[in-house]
>>> print(open('start-v7.cif').read())   # mmCIF, C-alpha atoms
data_input
loop_
_atom_site.label_atom_id
_atom_site.label_comp_id
_atom_site.auth_asym_id
_atom_site.auth_seq_id
_atom_site.Cartn_x
_atom_site.Cartn_y
_atom_site.Cartn_z
CA MET Q 1 -10.85 -20.02 9.19
CA ILE Q 2 -8.26 -18.99 6.62
CA SER Q 3 -6.45 -21.93 5.10
CA PRO Q 4 -2.79 -22.38 6.10
CA GLY Q 5 -0.44 -20.80 3.59
CA ALA Q 6 -3.08 -18.49 2.12
CA PRO Q 7 -1.20 -15.18 2.53
CA ARG Q 8 1.92 -16.65 0.98
CA ALA Q 9 0.20 -17.09 -2.39
CA ALA Q 10 -0.34 -13.35 -2.79
CA ALA Q 11 3.15 -12.68 -1.47
CA ALA Q 12 5.11 -14.19 -4.30
CA ASN Q 13 5.19 -11.00 -6.41
CA GLY Q 14 5.81 -8.27 -3.84
CA THR Q 15 3.51 -5.39 -2.95
CA CYS Q 16 4.58 -3.06 -5.79
CA GLN Q 17 3.83 -5.69 -8.41
CA SER Q 18 0.65 -7.03 -6.86
CA ARG Q 19 -1.09 -3.86 -5.59
CA VAL Q 20 0.49 -0.67 -6.97
CA GLU Q 21 1.89 -0.99 -10.50
CA PRO Q 22 -1.30 -2.59 -11.93
CA PHE Q 23 -3.08 0.73 -11.23
CA GLY Q 24 -0.49 2.75 -13.15
CA TYR Q 25 1.53 4.12 -10.23
CA LYS Q 26 5.32 4.07 -10.04
CA CYS Q 27 6.49 1.95 -7.12
CA GLU Q 28 9.93 1.19 -5.70
CA GLU Q 29 10.90 -1.70 -3.43
CA HIS Q 30 13.44 -0.77 -0.73
CA THR Q 31 14.99 -2.63 2.20
CA VAL Q 32 16.19 -1.25 5.53
CA THR Q 33 18.32 -3.08 8.11
CA THR Q 34 17.62 -2.39 11.78
CA ALA Q 35 20.28 -2.04 14.47
CA ASP Q 36 19.45 -5.58 15.65
CA GLY Q 37 19.79 -7.09 12.18
CA TYR Q 38 16.23 -7.37 10.85
CA ILE Q 39 15.90 -6.62 7.12
CA LEU Q 40 12.64 -4.79 6.53
CA SER Q 41 10.78 -4.25 3.30
CA LEU Q 42 9.62 -0.74 2.43
CA GLN Q 43 7.61 0.39 -0.59
CA ARG Q 44 7.72 3.86 -2.06
CA ILE Q 45 5.05 5.43 -4.26
CA PRO Q 46 6.83 8.62 -5.32
CA GLY Q 47 3.67 10.35 -6.53
CA GLY Q 48 0.44 9.99 -8.45
CA CYS Q 49 0.38 8.56 -11.96
CA GLY Q 50 3.13 10.23 -13.98
CA GLN Q 51 4.46 12.34 -11.08
CA SER Q 52 7.94 12.26 -9.53
CA ALA Q 53 8.95 12.57 -5.87
CA ALA Q 54 11.00 15.74 -6.34
CA GLY Q 55 10.48 18.22 -3.51
CA LYS Q 56 7.46 16.42 -2.09
CA VAL Q 57 6.74 15.95 1.59
CA PRO Q 58 7.13 12.29 2.59
CA VAL Q 59 4.48 10.34 4.49
CA LEU Q 60 5.33 7.08 6.27
CA LEU Q 61 2.48 4.58 6.68
CA GLN Q 62 2.73 1.97 9.47
CA HIS Q 63 0.29 -0.94 9.61
CA GLY Q 64 -1.11 -2.71 12.67
CA LEU Q 65 -1.07 -6.13 14.33
CA LEU Q 66 -1.15 -9.28 12.14
CA MET Q 67 -1.15 -7.05 9.05
CA ASP Q 68 1.43 -5.69 6.58
CA GLY Q 69 1.81 -2.72 4.26
CA VAL Q 70 -1.02 -3.90 1.98
CA THR Q 71 -3.24 -2.41 4.74
CA TRP Q 72 -3.01 0.93 2.92
CA LEU Q 73 -3.78 -0.48 -0.55
CA MET Q 74 -6.75 -2.81 -0.05
CA ASN Q 75 -9.37 -0.75 -1.86
CA SER Q 76 -9.35 1.01 -5.22
CA PRO Q 77 -6.97 3.95 -5.81
CA ALA Q 78 -9.90 6.33 -5.18
CA GLU Q 79 -10.55 4.77 -1.74
CA SER Q 80 -7.20 3.64 -0.20
CA LEU Q 81 -4.95 6.03 1.69
CA GLY Q 82 -1.71 4.92 0.01
CA TYR Q 83 -2.89 5.99 -3.45
CA ILE Q 84 -4.86 9.02 -2.20
CA LEU Q 85 -1.76 10.50 -0.55
CA ALA Q 86 0.29 9.88 -3.72
CA ASP Q 87 -2.37 11.57 -5.85
CA GLY Q 88 -2.49 14.38 -3.28
CA GLY Q 89 1.16 15.26 -3.94
CA TYR Q 90 2.94 13.27 -1.23
CA ASP Q 91 5.96 10.98 -1.45
CA VAL Q 92 4.46 7.83 0.10
CA TRP Q 93 6.49 5.23 2.01
CA ILE Q 94 4.89 2.01 3.29
CA ALA Q 95 6.55 0.11 6.15
CA ASN Q 96 6.35 -3.65 6.81
CA SER Q 97 7.20 -4.76 10.36
CA ARG Q 98 9.60 -7.60 11.19
CA GLY Q 99 8.03 -11.05 10.88
CA THR Q 100 5.65 -10.11 8.04
CA VAL Q 101 6.05 -11.92 4.75
CA TYR Q 102 8.37 -9.37 3.09
CA SER Q 103 10.32 -8.50 6.25
CA ARG Q 104 11.61 -11.93 7.26
CA GLY Q 105 15.25 -11.32 6.40
CA HIS Q 106 17.93 -11.00 9.07
CA THR Q 107 21.69 -10.51 8.86
CA THR Q 108 22.44 -13.69 10.87
CA LEU Q 109 19.18 -15.48 11.77
CA SER Q 110 16.58 -17.37 9.78
CA SER Q 111 12.88 -17.11 10.61
CA GLY Q 112 13.13 -20.77 11.61
CA ASP Q 113 15.41 -19.82 14.53
CA PRO Q 114 13.66 -19.23 17.88
CA ALA Q 115 15.94 -16.21 18.45
CA TYR Q 116 14.47 -14.55 15.33
CA TRP Q 117 11.14 -14.22 17.18
CA ASP Q 118 12.55 -12.79 20.43
CA TRP Q 119 10.81 -9.43 20.27
CA SER Q 120 7.61 -7.58 21.05
CA TRP Q 121 6.29 -4.19 19.95
CA ASP Q 122 8.97 -2.61 22.15
CA GLU Q 123 11.41 -3.40 19.33
CA PHE Q 124 9.06 -1.94 16.71
CA ALA Q 125 9.39 1.35 18.60
CA SER Q 126 13.09 1.12 19.51
CA SER Q 127 14.53 -0.52 16.33
CA ASP Q 128 12.14 -0.76 13.36
CA LEU Q 129 10.70 2.75 13.52
CA PRO Q 130 14.03 4.60 13.90
CA ALA Q 131 15.61 2.58 11.06
CA VAL Q 132 12.71 3.27 8.69
CA VAL Q 133 12.32 6.95 9.63
CA GLN Q 134 16.05 7.59 9.18
CA TYR Q 135 16.01 5.78 5.82
CA VAL Q 136 13.04 7.77 4.49
CA TYR Q 137 14.57 11.03 5.75
CA ALA Q 138 17.86 10.27 3.99
CA HIS Q 139 16.12 9.27 0.73
CA SER Q 140 13.84 12.29 0.57
CA GLY Q 141 16.52 14.94 0.73
CA GLY Q 142 16.27 15.51 4.47
CA GLN Q 143 12.55 16.33 4.34
CA ARG Q 144 10.66 15.86 7.60
CA MET Q 145 7.79 13.41 7.19
CA HIS Q 146 4.24 12.90 8.39
CA TYR Q 147 3.55 9.55 10.04
CA VAL Q 148 0.28 7.60 9.79
CA GLY Q 149 -0.32 4.56 11.97
CA HIS Q 150 -3.27 2.19 12.30
CA SER Q 151 -3.90 0.13 15.43
CA LEU Q 152 -0.56 -1.22 16.72
CA GLY Q 153 1.09 1.29 14.35
CA THR Q 154 -0.21 4.02 16.68
CA LEU Q 155 1.16 2.39 19.83
CA ILE Q 156 4.63 2.27 18.23
CA ALA Q 157 4.40 6.03 17.65
CA PHE Q 158 3.14 6.79 21.17
CA ALA Q 159 6.03 4.77 22.62
CA ALA Q 160 8.71 6.35 20.43
CA LEU Q 161 7.38 9.90 20.81
CA SER Q 162 7.09 9.54 24.59
CA GLU Q 163 10.82 8.76 24.62
CA GLN Q 164 11.48 11.81 22.39
CA GLN Q 165 12.65 9.60 19.50
CA GLN Q 166 12.84 10.79 15.88
CA LEU Q 167 11.20 14.13 16.66
CA GLY Q 168 13.55 16.05 14.39
CA MET Q 169 12.54 13.95 11.37
CA LEU Q 170 8.77 13.98 11.90
CA ARG Q 171 6.25 16.75 11.17
CA SER Q 172 3.15 15.16 12.66
CA ALA Q 173 1.42 11.84 13.38
CA GLY Q 174 -2.02 10.72 12.18
CA LEU Q 175 -3.19 7.91 14.46
CA LEU Q 176 -6.19 5.84 13.31
CA SER Q 177 -7.85 3.47 15.81
CA PRO Q 178 -5.32 4.56 18.44
CA ILE Q 179 -4.01 1.85 20.78
CA ALA Q 180 -2.38 2.87 24.06
CA TYR Q 181 -4.42 1.82 27.08
CA LEU Q 182 -6.00 -1.59 26.45
CA ASP Q 183 -7.75 -2.58 29.67
CA LYS Q 184 -11.24 -1.72 28.35
CA VAL Q 185 -10.89 -3.76 25.12
CA SER Q 186 -14.38 -5.10 24.46
CA SER Q 187 -13.48 -7.69 21.79
CA PRO Q 188 -14.47 -11.02 23.39
CA LEU Q 189 -11.92 -12.82 21.21
CA ALA Q 190 -9.06 -10.51 22.28
CA ARG Q 191 -10.00 -10.68 25.99
CA ALA Q 192 -10.31 -14.49 25.99
CA ALA Q 193 -7.05 -14.88 24.03
CA ALA Q 194 -5.28 -12.57 26.51
CA ASP Q 195 -6.31 -14.90 29.36
CA VAL Q 196 -5.04 -17.93 27.46
CA PHE Q 197 -1.68 -16.30 26.62
CA LEU Q 198 -1.06 -15.23 30.20
CA GLY Q 199 -2.37 -18.46 31.72
CA GLU Q 200 -0.21 -20.63 29.49
CA ALA Q 201 2.60 -18.19 28.70
CA LEU Q 202 5.40 -20.76 28.89
CA TYR Q 203 3.69 -23.02 26.36
CA TRP Q 204 2.93 -20.16 23.97
CA LEU Q 205 6.36 -18.56 24.23
CA GLY Q 206 7.82 -21.95 23.33
CA LEU Q 207 6.13 -21.61 19.91
CA ASN Q 208 8.14 -18.41 19.15
CA GLU Q 209 6.19 -17.51 16.00
CA PHE Q 210 2.50 -16.65 16.23
CA ASP Q 211 1.18 -17.68 12.81
CA PRO Q 212 -2.54 -16.92 12.45
CA THR Q 213 -2.79 -19.36 9.53
CA GLY Q 214 -1.13 -22.22 11.46
CA GLU Q 215 -2.79 -25.12 13.21
CA THR Q 216 -1.96 -24.08 16.80
CA VAL Q 217 -3.56 -20.66 16.43
CA HIS Q 218 -6.49 -22.23 14.56
CA ASN Q 219 -7.04 -24.51 17.58
CA LEU Q 220 -6.76 -21.54 19.97
CA VAL Q 221 -9.41 -19.59 18.07
CA THR Q 222 -11.65 -22.68 17.85
CA ASP Q 223 -11.40 -23.17 21.63
CA VAL Q 224 -12.07 -19.50 22.35
CA CYS Q 225 -15.03 -19.45 19.97
CA ALA Q 226 -16.54 -22.44 21.78
CA GLN Q 227 -16.70 -20.47 25.04
CA PRO Q 228 -20.15 -19.40 26.26
CA GLY Q 229 -21.18 -15.96 25.05
CA ILE Q 230 -18.71 -15.82 22.13
CA ASN Q 231 -20.28 -16.18 18.70
CA CYS Q 232 -17.64 -16.41 15.98
CA TYR Q 233 -20.04 -16.53 13.05
CA ASN Q 234 -18.24 -13.47 11.68
CA LEU Q 235 -14.69 -13.86 12.95
CA MET Q 236 -13.61 -10.40 11.84
CA SER Q 237 -16.44 -8.67 13.73
CA VAL Q 238 -15.76 -10.70 16.88
CA PHE Q 239 -12.20 -9.39 16.80
CA THR Q 240 -12.50 -5.81 15.47
CA GLY Q 241 -16.06 -4.80 16.27
CA ASP Q 242 -18.91 -4.45 13.79
CA ASN Q 243 -17.41 -2.60 10.79
CA CYS Q 244 -19.94 -0.40 8.99
CA CYS Q 245 -18.55 0.12 5.57
CA LEU Q 246 -16.46 -2.74 4.16
CA ASP Q 247 -17.20 -3.94 0.66
CA ASN Q 248 -16.59 -7.43 -0.60
CA SER Q 249 -13.69 -6.56 -2.93
CA SER Q 250 -11.54 -5.10 -0.13
CA VAL Q 251 -12.34 -8.11 2.07
CA GLN Q 252 -11.14 -10.39 -0.74
CA VAL Q 253 -7.84 -8.44 -0.99
CA PHE Q 254 -7.53 -8.68 2.79
CA LEU Q 255 -8.00 -12.45 2.70
CA ALA Q 256 -5.43 -12.83 -0.09
CA HIS Q 257 -2.68 -10.99 1.86
CA GLU Q 258 -3.55 -11.16 5.55
CA PRO Q 259 -3.34 -12.13 8.36
CA GLN Q 260 0.42 -12.00 8.85
CA ALA Q 261 2.60 -13.64 11.49
CA SER Q 262 3.93 -11.94 14.61
CA ALA Q 263 6.08 -13.02 17.54
CA THR Q 264 4.24 -14.84 20.31
CA LYS Q 265 6.17 -12.59 22.71
CA ASN Q 266 4.40 -9.64 21.10
CA MET Q 267 0.99 -11.24 21.69
CA VAL Q 268 1.88 -11.94 25.34
CA HIS Q 269 3.01 -8.31 25.73
CA LEU Q 270 -0.34 -7.05 24.43
CA ALA Q 271 -2.13 -9.52 26.72
CA GLN Q 272 -0.22 -8.02 29.68
CA MET Q 273 -1.54 -4.58 28.69
CA ILE Q 274 -5.14 -5.80 28.38
CA ARG Q 275 -5.01 -7.39 31.82
CA ARG Q 276 -3.11 -4.60 33.63
CA GLY Q 277 -4.20 -1.39 31.97
CA THR Q 278 -0.59 -0.22 31.73
CA ILE Q 279 1.53 1.03 28.83
CA ALA Q 280 4.87 -0.51 29.76
CA LYS Q 281 7.71 -2.51 28.30
CA TYR Q 282 7.47 -6.30 28.12
CA ASP Q 283 7.32 -7.97 31.55
CA TYR Q 284 9.60 -11.03 31.77
CA GLY Q 285 7.52 -12.28 34.68
CA ASN Q 286 10.13 -12.12 37.42
CA ALA Q 287 12.26 -9.45 39.04
CA ALA Q 288 15.59 -11.08 38.13
CA ASP Q 289 14.90 -11.18 34.38
CA ASN Q 290 13.44 -7.69 34.38
CA MET Q 291 16.51 -6.49 36.28
CA LYS Q 292 18.75 -8.09 33.64
CA HIS Q 293 16.93 -6.36 30.78
CA TYR Q 294 15.93 -3.04 32.35
CA GLY Q 295 18.06 -2.59 35.47
CA GLN Q 296 14.89 -2.54 37.58
CA ALA Q 297 12.50 -5.14 39.01
CA ALA Q 298 9.42 -3.96 37.11
CA PRO Q 299 9.30 -3.08 33.39
CA PRO Q 300 9.60 0.66 32.71
CA ALA Q 301 6.37 2.47 31.78
CA TYR Q 302 5.92 4.57 28.66
CA ASP Q 303 4.63 8.00 29.69
CA VAL Q 304 2.29 9.21 26.95
CA SER Q 305 2.02 12.61 28.62
CA ALA Q 306 5.76 13.07 27.94
CA ILE Q 307 5.06 13.47 24.20
CA PRO Q 308 6.01 17.11 23.52
CA ASP Q 309 2.91 19.30 23.81
CA ASP Q 310 3.72 21.06 20.55
CA PHE Q 311 4.06 17.86 18.47
CA PRO Q 312 1.06 17.72 16.09
CA LEU Q 313 -1.24 14.72 16.63
CA PHE Q 314 -4.42 13.74 14.75
CA LEU Q 315 -6.44 10.96 16.43
CA SER Q 316 -9.45 9.27 14.85
CA TYR Q 317 -11.45 6.61 16.67
CA GLY Q 318 -14.71 4.72 16.20
CA GLY Q 319 -17.73 4.03 18.38
CA ARG Q 320 -17.96 0.38 17.34
CA ASP Q 321 -14.25 -0.42 17.62
CA SER Q 322 -13.74 -3.28 20.07
CA LEU Q 323 -9.91 -3.13 20.02
CA SER Q 324 -9.44 0.64 20.23
CA ASP Q 325 -12.27 0.97 22.73
CA VAL Q 326 -13.92 4.36 23.26
CA GLN Q 327 -13.15 4.35 27.02
CA ASP Q 328 -9.49 3.51 26.38
CA VAL Q 329 -9.17 6.29 23.79
CA ARG Q 330 -10.75 8.79 26.19
CA HIS Q 331 -8.22 7.71 28.82
CA LEU Q 332 -5.47 8.37 26.26
CA VAL Q 333 -6.88 11.80 25.32
CA GLN Q 334 -6.98 12.66 29.03
CA ALA Q 335 -3.26 11.75 29.25
CA LEU Q 336 -2.63 14.22 26.40
CA LYS Q 337 -4.64 17.03 28.04
CA SER Q 338 -1.67 19.39 28.30
CA HIS Q 339 -1.22 19.24 24.49
CA GLU Q 340 -1.46 22.60 22.71
CA GLY Q 341 -5.00 22.99 21.35
CA ASP Q 342 -4.03 23.66 17.73
CA LYS Q 343 -1.63 20.69 17.78
CA LEU Q 344 -4.19 18.04 18.76
CA THR Q 345 -7.19 17.07 16.63
CA VAL Q 346 -9.47 14.30 17.88
CA GLN Q 347 -12.11 12.87 15.54
CA TYR Q 348 -14.87 10.46 16.63
CA LEU Q 349 -16.92 8.40 14.15
CA ASP Q 350 -19.74 6.64 15.96
CA ASP Q 351 -20.38 3.94 13.33
CA TYR Q 352 -16.75 3.00 12.58
CA ALA Q 353 -15.01 -0.13 13.89
CA HIS Q 354 -11.37 -1.16 13.75
CA ALA Q 355 -11.05 -2.18 10.08
CA ASP Q 356 -13.18 0.68 8.71
CA PHE Q 357 -10.30 3.13 9.18
CA VAL Q 358 -8.24 1.34 6.53
CA MET Q 359 -10.88 -0.52 4.50
CA ALA Q 360 -14.14 1.47 4.49
CA GLY Q 361 -15.37 2.61 1.09
CA ASN Q 362 -16.17 6.05 2.54
CA ALA Q 363 -12.97 6.56 4.58
CA ARG Q 364 -11.69 9.05 2.00
CA GLU Q 365 -14.36 11.61 2.89
CA ARG Q 366 -14.71 10.74 6.54
CA VAL Q 367 -11.10 10.17 7.70
CA TYR Q 368 -8.50 10.84 5.00
CA ALA Q 369 -9.72 14.28 3.86
CA PRO Q 370 -9.64 15.69 7.45
CA LEU Q 371 -6.29 13.96 8.03
CA MET Q 372 -4.75 15.54 4.91
CA ALA Q 373 -6.19 18.95 5.85
CA PHE Q 374 -4.45 18.53 9.23
CA PHE Q 375 -1.18 17.71 7.43
CA LYS Q 376 -1.46 20.86 5.31
CA LEU Q 377 -1.85 22.99 8.45
CA GLN Q 378 1.40 21.52 9.84
CA GLU Q 379 3.29 22.31 6.59
CA LYS Q 380 2.76 26.06 6.80
#
>>> encode(input="start-v7.cif", output="structure tokens")
Amino acid sequence: MISPGAPRAAAANGTCQSRVEPFGYKCEEHTVTTADGYILSLQRIPGGCGQSAAGKVPVLLQHGLLMDGVTWLMNSPAESLGYILADGGYDVWIANSRGTVYSRGHTTLSSGDPAYWDWSWDEFASSDLPAVVQYVYAHSGGQRMHYVGHSLGTLIAFAALSEQQQLGMLRSAGLLSPIAYLDKVSSPLARAAADVFLGEALYWLGLNEFDPTGETVHNLVTDVCAQPGINCYNLMSVFTGDNCCLDNSSVQVFLAHEPQASATKNMVHLAQMIRRGTIAKYDYGNAADNMKHYGQAAPPAYDVSAIPDDFPLFLSYGGRDSLSDVQDVRHLVQALKSHEGDKLTVQYLDDYAHADFVMAGNARERVYAPLMAFFKLQEK
């Protein structure tokens, strides 16, 4: 397991200093405050080496679960999407969700306060995403942006778009390892953890922060890995599926920066989705609490089919991905069946697993080139 405190060592300098400027790119550190007081870190790469941001189309990159913005910068500049987009003439913005190492500020709370961790991915969609999108829009001269999400970063987009949020500021969304329906998740680690979270929800919620490098989570993973039929020899593969194309240097960068903390409430919310096969807001577990939060006894569902049929979507999924399972993605694509044909591109890579989409040495040719071609079509 990763030693406690490991990600913090790489965090001391900030993402611009540690991962962008050493390669000769300009990089700016920004902060955005959400409506509910969270202070989020945002990095901007205004262009390739020696270029400025003037007149360029912005792209917002949103990482997934237990990760941060370094997701997009883990390989060399020739291989990682953050640099490739900058070199390709885009104004690149990299988001970092609440709770990650650079987004732990809050206007009134400290990350030691239980109330600081009272959120799930619902708030990523309703608070973090709007704040960041509005900030990027304002700082790029009112230019509409492309959005790229990986893993949980795709679910945030599906949720926001299904509620017609931010449509006027977005040109398109590129969704890698899309997460929406989760009931067919084949990762034995994720399925077993979902059972633990739901079976002992009161205990887990009492921890507030889910810190993958902490002792409690270490014990959880150890217990899950001891279950019959679960072999955790390669922990990453047990979780993500068998990635085809990771090289050692990107894995070392990953280990220096990740995994990041999240709210336990967020993990319980995802566990609810795995067990129920629904895409819905967080379930407080009883009608009275749901009524208090939502004005109804059951949590409201997100209706993916309500995403406007003319909003451009690019989906890319992998045959070995055990978190964004093939059956779940096909269920999602079925829910999008009324989408206009030229506004929906679906790519399937049979040998890719969950981490390949952001860490594979060959993702530039296989995923990013088709994604950028899709963007160009939407800019005409």
>>> resolve_selection(input="start-v7.cif", expression="the PyMOL selection byres ((chain Q and resi 366) around 12)", output="number ranges by chain")
Q: 79, 81, 176, 245, 316-318, 347-352, 356-358, 360-365, 367-373
>>> resolve_selection(input="start-v7.cif", expression="the PyMOL selection byres ((chain Q and resi 97) around 12)", output="MDAnalysis selection string")
chainID Q and resid 31:34 38:42 61:70 94:96 98:105 119:121 123:125 127:129 131:132 152:153 156 260:263
>>> resolve_selection(input="start-v7.cif", expression="the PyMOL selection byres ((chain Q and resi 47) around 10)", output="ChimeraX atom specification")
/Q:25-27,44-46,48-54,56,58,83-92
>>> atom_distance(input="start-v7.cif", atom1="CA of His293 in chain Q", atom2="CA of Ile279 in chain Q")
17.2 Å
>>> atom_distance(input="start-v7.cif", atom1="CA of Trp93 in chain Q", atom2="CA of Ile307 in chain Q")
23.7 Å
>>> atom_distance(input="start-v7.cif", atom1="CA of His218 in chain Q", atom2="CA of Ser249 in chain Q")
24.6 Å
>>> closest_atom_pairs(input="start-v7.cif", of="range 265-325 of chain Q", to="range 164-170 of chain Q", cutoff="12 Å", atoms="all atoms listed in the file", output="tab-separated table")
residue	atom	partner	partner_atom	distance
Q:Tyr302	CA	Q:Gln164	CA	11.1
Q:Asp303	CA	Q:Gln164	CA	10.7
Q:Val304	CA	Q:Gln164	CA	10.6
Q:Ser305	CA	Q:Gln164	CA	11.4
Q:Ala306	CA	Q:Gln164	CA	8.1
Q:Ile307	CA	Q:Gln164	CA	6.9
Q:Pro308	CA	Q:Gln164	CA	7.7
Q:Asp309	CA	Q:Gln164	CA	11.5
Q:Asp310	CA	Q:Leu167	CA	10.9
Q:Phe311	CA	Q:Leu167	CA	8.3
Q:Pro312	CA	Q:Leu170	CA	9.5
Q:Leu313	CA	Q:Leu170	CA	11.1
>>> residues_near_point(input="start-v7.cif", point="(-2.0, -7.8, 30.5)", cutoff="12 Å", atoms="all atoms listed in the file", output="PyMOL selection string")
chain Q and resi 181-185+190-199+201+266-283+285
>>> build_atoms(input="start-v7.cif", residues="range 222-229 of chain Q", atoms="all heavy atoms", output="mmCIF file, keeping the file's coordinate frame")
data_model
loop_
_atom_site.group_PDB
_atom_site.id
_atom_site.type_symbol
_atom_site.label_atom_id
_atom_site.label_comp_id
_atom_site.auth_asym_id
_atom_site.auth_seq_id
_atom_site.Cartn_x
_atom_site.Cartn_y
_atom_site.Cartn_z
ATOM 1 N N THR Q 222 -10.520 -21.746 17.749
ATOM 2 C CA THR Q 222 -11.650 -22.680 17.850
ATOM 3 C C THR Q 222 -12.080 -22.858 19.302
ATOM 4 O O THR Q 222 -13.273 -22.833 19.626
ATOM 5 C CB THR Q 222 -11.250 -24.052 17.246
ATOM 6 O OG1 THR Q 222 -10.786 -23.836 15.908
ATOM 7 C CG2 THR Q 222 -12.429 -25.007 17.210
ATOM 8 N N ASP Q 223 -11.095 -22.997 20.197
ATOM 9 C CA ASP Q 223 -11.400 -23.170 21.630
ATOM 10 C C ASP Q 223 -12.067 -21.916 22.199
ATOM 11 O O ASP Q 223 -13.047 -22.000 22.942
ATOM 12 C CB ASP Q 223 -10.121 -23.467 22.430
ATOM 13 C CG ASP Q 223 -9.568 -24.855 22.123
ATOM 14 O OD1 ASP Q 223 -10.275 -25.644 21.471
ATOM 15 O OD2 ASP Q 223 -8.413 -25.133 22.527
ATOM 16 N N VAL Q 224 -11.512 -20.751 21.843
ATOM 17 C CA VAL Q 224 -12.070 -19.500 22.350
ATOM 18 C C VAL Q 224 -13.498 -19.311 21.835
ATOM 19 O O VAL Q 224 -14.405 -18.910 22.578
ATOM 20 C CB VAL Q 224 -11.172 -18.300 21.949
ATOM 21 C CG1 VAL Q 224 -11.903 -16.981 22.169
ATOM 22 C CG2 VAL Q 224 -9.863 -18.320 22.740
ATOM 23 N N CYS Q 225 -13.712 -19.645 20.576
ATOM 24 C CA CYS Q 225 -15.030 -19.450 19.970
ATOM 25 C C CYS Q 225 -16.076 -20.400 20.542
ATOM 26 O O CYS Q 225 -17.275 -20.173 20.407
ATOM 27 C CB CYS Q 225 -14.946 -19.602 18.451
ATOM 28 S SG CYS Q 225 -14.088 -18.221 17.657
ATOM 29 N N ALA Q 226 -15.606 -21.474 21.180
ATOM 30 C CA ALA Q 226 -16.540 -22.440 21.780
ATOM 31 C C ALA Q 226 -16.974 -22.003 23.178
ATOM 32 O O ALA Q 226 -17.865 -22.604 23.778
ATOM 33 C CB ALA Q 226 -15.876 -23.815 21.853
ATOM 34 N N GLN Q 227 -16.346 -20.923 23.694
ATOM 35 C CA GLN Q 227 -16.700 -20.470 25.040
ATOM 36 C C GLN Q 227 -18.092 -19.842 25.049
ATOM 37 O O GLN Q 227 -18.509 -19.239 24.059
ATOM 38 C CB GLN Q 227 -15.667 -19.442 25.550
ATOM 39 C CG GLN Q 227 -14.301 -20.035 25.825
ATOM 40 C CD GLN Q 227 -13.333 -19.006 26.404
ATOM 41 O OE1 GLN Q 227 -13.734 -17.958 26.869
ATOM 42 N NE2 GLN Q 227 -12.051 -19.334 26.376
ATOM 43 N N PRO Q 228 -18.811 -19.989 26.167
ATOM 44 C CA PRO Q 228 -20.150 -19.400 26.260
ATOM 45 C C PRO Q 228 -20.119 -17.898 26.024
ATOM 46 O O PRO Q 228 -19.207 -17.214 26.481
ATOM 47 C CB PRO Q 228 -20.581 -19.694 27.710
ATOM 48 C CG PRO Q 228 -19.596 -20.668 28.254
ATOM 49 C CD PRO Q 228 -18.388 -20.664 27.386
ATOM 50 N N GLY Q 229 -21.066 -17.405 25.258
ATOM 51 C CA GLY Q 229 -21.180 -15.960 25.050
ATOM 52 C C GLY Q 229 -20.315 -15.423 23.915
ATOM 53 O O GLY Q 229 -20.341 -14.233 23.626
#
